[in-house]
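Step one of this worksheet: look at the structure below.
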Amino acid sequence: METPQPGSGSHGKRDGQKVSRLSIVVPLLNEDGNVPLLVGAVRDALPQDDSWELILVDDGSTDATPAEIRRAVEQDPRIRSVMLARNYGQSTAMQAGFDVAAGDIVVTMDGDMQNDPRDIPLLVATLEEGEYDLVAGYRMDRKDALLSRRAPSWVANRLIRFATGVPVRDNGCSLKAYRRDLLERVRLYSDMHRFIPALAAGTTGARITEIPVRHHPRRLGQSKYGITRVVKVLADLMTIKLLRSFRLRPMLALGGGALAALAIGACFAILAVVPMLTDPTYSPSVVFTGSALMWLALSVFLLMTGLIAEFVVQDYQTEVRGHTVLAREYVP
Amino acid sequence: MTPAEMRARPTPSEPAAPPRAADSLTVIVTVSERPMPLDELYRQFAPAVASLGMPYEFIYVVSPWGRGLTVPLRALIAEGAPIRLLEVGPRATESGMLIAGAARATGDILLTLPPYYRVRPEALGTLVERVRSGAVDMATGCRSRSGDAWLNRVQNKAFHALLNLGVKDGFRDIASGVRVFRCQLPGEIALYGDFFRFLPILARSEGYRVEEVVVPQHEADQGRRVYAPGVYYRRLLDLLGVYFLARFTQKPLRFFGMVGSAFGGVGAIILFILFVQRIMGEGISDRPLLLLGVLLFVLGVQAIAIGLVGEIIVHFGAGNRRLYRVREIDNDPLEGDRSST
């Protein structure tokens, strides 16, 4: 076990700067009714000192959310705000919060009051035991509609677990606590927030655990999720699976595909030629020959794509080598 | 600074600048295709610009072949007109010309003007005021087409119908070329090639507030215009490019995966049907459908493979690419630190 290093974050290195130990990042999209409730609940749940900061990220809301955030910021110096220039999506909003977070521990949660800030101390305590880099909450008793929310979520979690091999029960629960070192090695973009544990475990070797957290029904405002996101989640899942397996050795995937295409092409070639062995006057089937040639072309194409991909990875590896791997010294 | 520190450092906040008395204006004329006499252009538009009551200058950006076009401007310059000339290399695109002009502009507000007449001179004041008051970050002229030739109107409608099919931004006159914005903006936008044309879309996707303002069309712009077929084809490719850039830059595999799954899926179905028929004892060696099935499947796999390469580029590049733009940050302990960088 090691103690968190105050200087591990890039913001902590500056002299004379008070460093908050805990940063809570909350992305907000059109939640004007929930902002005051959220701020109140966080204040009640955490100690009455400045050992924490609350970062409210406005993701291009079109209602009174920015005004509510400004009001909260004026009332309490521990509350900070980041106003994005337009709606970028939850992952990018979280990343914007991470980029200004000063704490050694970062907690994320939803702004819809369905997560309970009273769970934060337990998450942080679990993380501080030092055994883990990421503590994820899972919703014990979900208060959402069964058909439109819970059922797709159940399927999605199973798929994510199957595809990534990371046994996280509830990827959709935003309430999670991270060591800062971990976040500095994972860069969120697109809709990747759902897969932080998978990304983290796959690319940095982070150690992850889960603890149960409370869940409340939505009282104010509109849910931003619909059933349409299922398609997106599936597409992202394929992306994560491919990235996780092959981001550092794309030739393995593409070269493997090339070999398979070559084999299939060979089968077609055999089908085209074999009748000639028994009947020398037989002219090979144009369809089989054409098919064989196309598989051959695919094989060559995949091989070349693999080379380009290797080139890309090698190009970036010079920058990131040793940086994405989460390592720590320990005393046996 | 280590890469980690650079990565952790967010973009500086850029609140909308309040109107300042000291605002000055630079008019950038990128002299590309079919220019009108440049001195006449100045005489038409300069009075409208001067009437805004702010210091101004005109910068004409020309390619080497356009050097001769600037000869008539000499007389104006000799008379003391605030005109500057800028020559770019022979291969510079309109985007490059704009960036070169913006880099040397002294004005806080930039106005781009095509080298031909698109809008009435009085339109410039309306556009500049929108940006100067801080109401928007970019005001772009939308020609009111009441007097326009019907062929032009049909072409314009068709183009924007296609554009909004993909981009869904609701722009009605992306190509007017008359745009007003603050001088920092071009440096913040990845501008290259022919995307000059789509600057408002790129600006909006960077989080800038962009507004289309309806302004009177110039009479000289109302003549019927027909272009060579190659021009229409290039515009279509541009549309495809801007559609991809606006929607999928962060998730190429979603785009290529969609295309690839569609092709590959149909191909797989065809192959499966033929496979079943073969099992049932039917000969398939003379069925062209087999060729189609293989072709579609191969195309699908290729699309997904290319998407994977794109995704790897985005994945590794995410650390160096700016993912978002911040309008303001409050209670920021690093405030002083940031403004110094």
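Residues in the structure tokens are numbered from 1 in each chain, the chains being A, B, ... in the order shown, and ligands are numbered from 1 in the order shown.
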
So that each row is one residue of chain B with an atom at most 6 Å from chain A, can you give its shortest atom pair and the distance in Å to one decimal, using only C-alpha atoms, rows by chain and rising number, as JSON lines?
{"residue": "B:Glu5", "atom": "CA", "partner": "A:Ser10", "partner_atom": "CA", "distance": 5.5}
{"residue": "B:Ala8", "atom": "CA", "partner": "A:Asp99", "partner_atom": "CA", "distance": 5.1}
{"residue": "B:Pro10", "atom": "CA", "partner": "A:Asp99", "partner_atom": "CA", "distance": 5.8}
{"residue": "B:Gly207", "atom": "CA", "partner": "A:Ala85", "partner_atom": "CA", "distance": 4.6}
{"residue": "B:Gln250", "atom": "CA", "partner": "A:Ser190", "partner_atom": "CA", "distance": 5.6}
{"residue": "B:Ser285", "atom": "CA", "partner": "A:Ser285", "partner_atom": "CA", "distance": 5.9}
{"residue": "B:Asp286", "atom": "CA", "partner": "A:Val287", "partner_atom": "CA", "distance": 5.9}
{"residue": "B:Leu291", "atom": "CA", "partner": "A:Ser291", "partner_atom": "CA", "distance": 5.7}
{"residue": "B:Val309", "atom": "CA", "partner": "A:Ala309", "partner_atom": "CA", "distance": 5.5}
{"residue": "B:Arg325", "atom": "CA", "partner": "A:Ala85", "partner_atom": "CA", "distance": 5.5}
{"residue": "B:Val326", "atom": "CA", "partner": "A:Leu84", "partner_atom": "CA", "distance": 4.4}
{"residue": "B:Arg327", "atom": "CA", "partner": "A:Ala85", "partner_atom": "CA", "distance": 5.0}
{"residue": "B:Glu328", "atom": "CA", "partner": "A:Met83", "partner_atom": "CA", "distance": 5.3}
{"residue": "B:Ile329", "atom": "CA", "partner": "A:Val82", "partner_atom": "CA", "distance": 4.6}
{"residue": "B:Asp330", "atom": "CA", "partner": "A:Ser81", "partner_atom": "CA", "distance": 5.1}
{"residue": "B:Asn331", "atom": "CA", "partner": "A:Arg80", "partner_atom": "CA", "distance": 5.1}

Resulting file, chosen residues, N, CA and C atoms, as an mmCIF file, in the first residue's frame:
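Result saved to part-v9.cif:
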data_model
loop_
_atom_site.group_PDB
_atom_site.id
_atom_site.type_symbol
_atom_site.label_atom_id
_atom_site.label_comp_id
_atom_site.auth_asym_id
_atom_site.auth_seq_id
_atom_site.Cartn_x
_atom_site.Cartn_y
_atom_site.Cartn_z
ATOM 1 N N GLU B 5 1.537 17.061 -18.844
ATOM 2 C CA GLU B 5 1.096 18.370 -18.387
ATOM 3 C C GLU B 5 0.357 19.111 -19.486
ATOM 4 N N ALA B 8 -3.058 17.743 -19.635
ATOM 5 C CA ALA B 8 -3.948 18.070 -18.532
ATOM 6 C C ALA B 8 -4.399 19.523 -18.590
ATOM 7 N N PRO B 10 -6.243 22.472 -19.761
ATOM 8 C CA PRO B 10 -7.397 22.695 -20.637
ATOM 9 C C PRO B 10 -7.210 23.925 -21.509
ATOM 10 N N GLY B 207 -18.033 25.050 -31.452
ATOM 11 C CA GLY B 207 -18.703 25.676 -30.322
ATOM 12 C C GLY B 207 -18.888 27.174 -30.449
ATOM 13 N N GLN B 250 -14.652 11.950 -34.268
ATOM 14 C CA GLN B 250 -14.216 11.269 -33.057
ATOM 15 C C GLN B 250 -14.555 9.797 -33.069
ATOM 16 N N SER B 285 -21.739 -23.106 -59.301
ATOM 17 C CA SER B 285 -20.519 -22.678 -59.979
ATOM 18 C C SER B 285 -20.813 -21.733 -61.144
ATOM 19 N N ASP B 286 -22.072 -21.626 -61.555
ATOM 20 C CA ASP B 286 -22.399 -20.732 -62.670
ATOM 21 C C ASP B 286 -23.347 -19.624 -62.224
ATOM 22 N N LEU B 291 -20.664 -14.159 -57.090
ATOM 23 C CA LEU B 291 -19.688 -13.068 -57.246
ATOM 24 C C LEU B 291 -20.150 -11.833 -56.493
ATOM 25 N N VAL B 309 -8.422 1.432 -38.540
ATOM 26 C CA VAL B 309 -7.217 2.267 -38.624
ATOM 27 C C VAL B 309 -7.548 3.700 -38.187
ATOM 28 N N ARG B 325 -14.179 23.057 -26.459
ATOM 29 C CA ARG B 325 -13.842 24.449 -26.245
ATOM 30 C C ARG B 325 -14.653 24.944 -25.056
ATOM 31 N N VAL B 326 -13.977 25.667 -24.172
ATOM 32 C CA VAL B 326 -14.619 26.141 -22.954
ATOM 33 C C VAL B 326 -15.033 27.584 -23.142
ATOM 34 N N ARG B 327 -16.240 27.923 -22.711
ATOM 35 C CA ARG B 327 -16.666 29.319 -22.798
ATOM 36 C C ARG B 327 -16.192 30.091 -21.568
ATOM 37 N N GLU B 328 -16.311 29.516 -20.392
ATOM 38 C CA GLU B 328 -15.807 30.192 -19.191
ATOM 39 C C GLU B 328 -15.536 29.179 -18.098
ATOM 40 N N ILE B 329 -14.593 29.537 -17.210
ATOM 41 C CA ILE B 329 -14.295 28.718 -16.035
ATOM 42 C C ILE B 329 -14.376 29.626 -14.822
ATOM 43 N N ASP B 330 -15.039 29.186 -13.753
ATOM 44 C CA ASP B 330 -15.139 30.002 -12.541
ATOM 45 C C ASP B 330 -14.410 29.333 -11.396
ATOM 46 N N ASN B 331 -13.981 30.157 -10.417
ATOM 47 C CA ASN B 331 -13.264 29.671 -9.234
ATOM 48 C C ASN B 331 -12.095 28.782 -9.628
#

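For Val259 (chain B), the list of residues within 12 Å, based on only C-alpha atoms and with local chain neighbours fewer than 2 positions off taken out, reads Ala235 of chain A; Pro252, Leu253, Arg254, Phe255, Phe256, Gly257, Ser261, Ala262, Phe263, Gly264, Gly265, Val266, Leu296, Phe297, Leu299, Gly300, Val301, Gln302, Ala303, Ile304, Ala305, Ile306 and Gly307 of chain B.
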
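By chain and then residue number, the residues within 10 Å of Ala161 (chain B) are Gln155, Asn156, Gly166, Lys168, Gly170, Phe171 and Arg172 of chain B, counting only C-alpha atoms and disregarding those fewer than 5 positions away in sequence.
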
Please identify all polymer residues within 9 Å of Asp112 (chain A), counting only C-alpha atoms, omitting same-chain residues fewer than 4 positions from it, and present them as a PDB file with C-alpha atoms, in the first residue's frame.
ATOM      1  CA  LEU A  28     -24.860  18.682 -16.428  1.00  0.00           C
ATOM      2  CA  GLU A  31     -30.745  20.075 -15.195  1.00  0.00           C
ATOM      3  CA  ASN A  34     -31.511  19.691  -9.927  1.00  0.00           C
ATOM      4  CA  VAL A  35     -28.454  21.952  -9.568  1.00  0.00           C
ATOM      5  CA  LEU A  38     -27.288  18.532  -5.992  1.00  0.00           C
ATOM      6  CA  ARG A 218     -35.663  10.851 -11.058  1.00  0.00           C
ATOM      7  CA  ARG A 219     -37.679  13.633  -9.464  1.00  0.00           C
ATOM      8  CA  LEU A 220     -37.026  16.638 -11.721  1.00  0.00           C
ATOM      9  CA  GLY A 221     -36.133  17.096 -15.367  1.00  0.00           C
ATOM     10  CA  GLN A 222     -35.952  14.780 -18.350  1.00  0.00           C
ATOM     11  CA  SER A 223     -33.858  11.703 -18.968  1.00  0.00           C
TER      12      SER A 223
END

request  = List the neighbours of Arg120 (chain B) out to 8 Å using only C-alpha atoms; skip same-chain residues closer than 5 positions along the sequence, and give me the result as a ChimeraX atom specification.
outcome  = /B:215-219

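For Thr93 (chain B), the non-local neighbours within 8 Å, defined as residues at least 3 positions apart in the same chain or in other chains and counting only C-alpha atoms, are Gly96, Met97, Tyr192, Gly193 and Asp194 of chain B.
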
ask   = Near Leu124 (chain B), within 9 Å and counting only C-alpha atoms, which residues show up once chain neighbours fewer than 2 positions away are dropped, as a list in words?
value =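 These residues fall inside the cut-off: Phe45, Ala48, Val49, Leu111, Val119, Arg120, Pro121, Glu122, Thr126, Leu127, Val128, Glu129, Gly141, Val178, Arg179, Val180 and Val215 of chain B.
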
Saved selection, atoms kept: N, CA and C atoms, as a compact mmCIF listing (two decimals), in the first residue's frame:
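Output file out04.txt follows:
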# COMPACT_ATOMS: atom_id res chain seq x y z
N PHE B 45 -17.39 48.98 -51.93
CA PHE B 45 -17.59 48.55 -50.55
C PHE B 45 -16.96 49.47 -49.51
N ALA B 48 -19.23 51.92 -47.45
CA ALA B 48 -20.06 51.24 -46.45
C ALA B 48 -19.24 50.86 -45.23
N VAL B 49 -17.98 50.43 -45.47
CA VAL B 49 -17.11 50.06 -44.35
C VAL B 49 -16.72 51.31 -43.56
N LEU B 111 -13.55 40.53 -41.91
CA LEU B 111 -14.67 40.39 -42.83
C LEU B 111 -14.13 39.77 -44.10
N VAL B 119 -23.27 40.43 -52.16
CA VAL B 119 -24.28 41.14 -51.37
C VAL B 119 -24.14 42.64 -51.60
N ARG B 120 -25.19 43.40 -51.30
CA ARG B 120 -25.15 44.85 -51.40
C ARG B 120 -24.20 45.40 -50.33
N PRO B 121 -23.50 46.50 -50.63
CA PRO B 121 -22.53 47.03 -49.67
C PRO B 121 -23.12 47.30 -48.29
N GLU B 122 -24.39 47.72 -48.22
CA GLU B 122 -24.94 48.06 -46.90
C GLU B 122 -25.08 46.83 -46.00
N THR B 126 -24.57 45.56 -41.22
CA THR B 126 -25.44 44.70 -40.43
C THR B 126 -24.65 43.54 -39.82
N LEU B 127 -23.81 42.91 -40.67
CA LEU B 127 -23.06 41.74 -40.21
C LEU B 127 -22.04 42.13 -39.14
N VAL B 128 -21.30 43.23 -39.40
CA VAL B 128 -20.26 43.64 -38.46
C VAL B 128 -20.88 43.97 -37.11
N GLU B 129 -22.03 44.64 -37.10
CA GLU B 129 -22.65 45.01 -35.83
C GLU B 129 -23.00 43.79 -34.98
N GLY B 141 -23.48 36.13 -44.16
CA GLY B 141 -24.55 36.71 -44.97
C GLY B 141 -25.35 35.65 -45.69
N VAL B 178 -19.52 35.91 -47.60
CA VAL B 178 -19.43 37.16 -46.85
C VAL B 178 -19.63 36.83 -45.38
N ARG B 179 -18.54 36.87 -44.62
CA ARG B 179 -18.59 36.43 -43.22
C ARG B 179 -17.83 37.39 -42.34
N VAL B 180 -18.32 37.59 -41.15
CA VAL B 180 -17.66 38.46 -40.18
C VAL B 180 -17.39 37.66 -38.92
N VAL B 215 -29.46 39.28 -45.83
CA VAL B 215 -29.01 40.59 -46.32
C VAL B 215 -29.37 40.70 -47.80

request  = Please return as an MDAnalysis selection string: the residues of region 16-90 of chain B that backbone DSSP assigns to alpha helix (DSSP H).
outcome  = chainID B and resid 38:50 73:78

request  = Choose the residue, out of A:Leu303, A:Leu182, A:Met113, A:Val166, that has the smallest atom-to-atom separation from Arg214 (chain A); count only C-alpha atoms.
outcome  =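 The closest residue to Arg214 (chain A) is A:Met113.
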
Test item, strand (DSSP E) assignment across region 36-133 of chain A, answer as a PyMOL selection string = chain A and resi 52-58+79-84+105-108

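Considering only C-alpha atoms, the residue among A:Arg21, A:Arg149, A:Tyr138, A:Gly130 positioned nearest to Asp49 (chain A) is A:Arg21.
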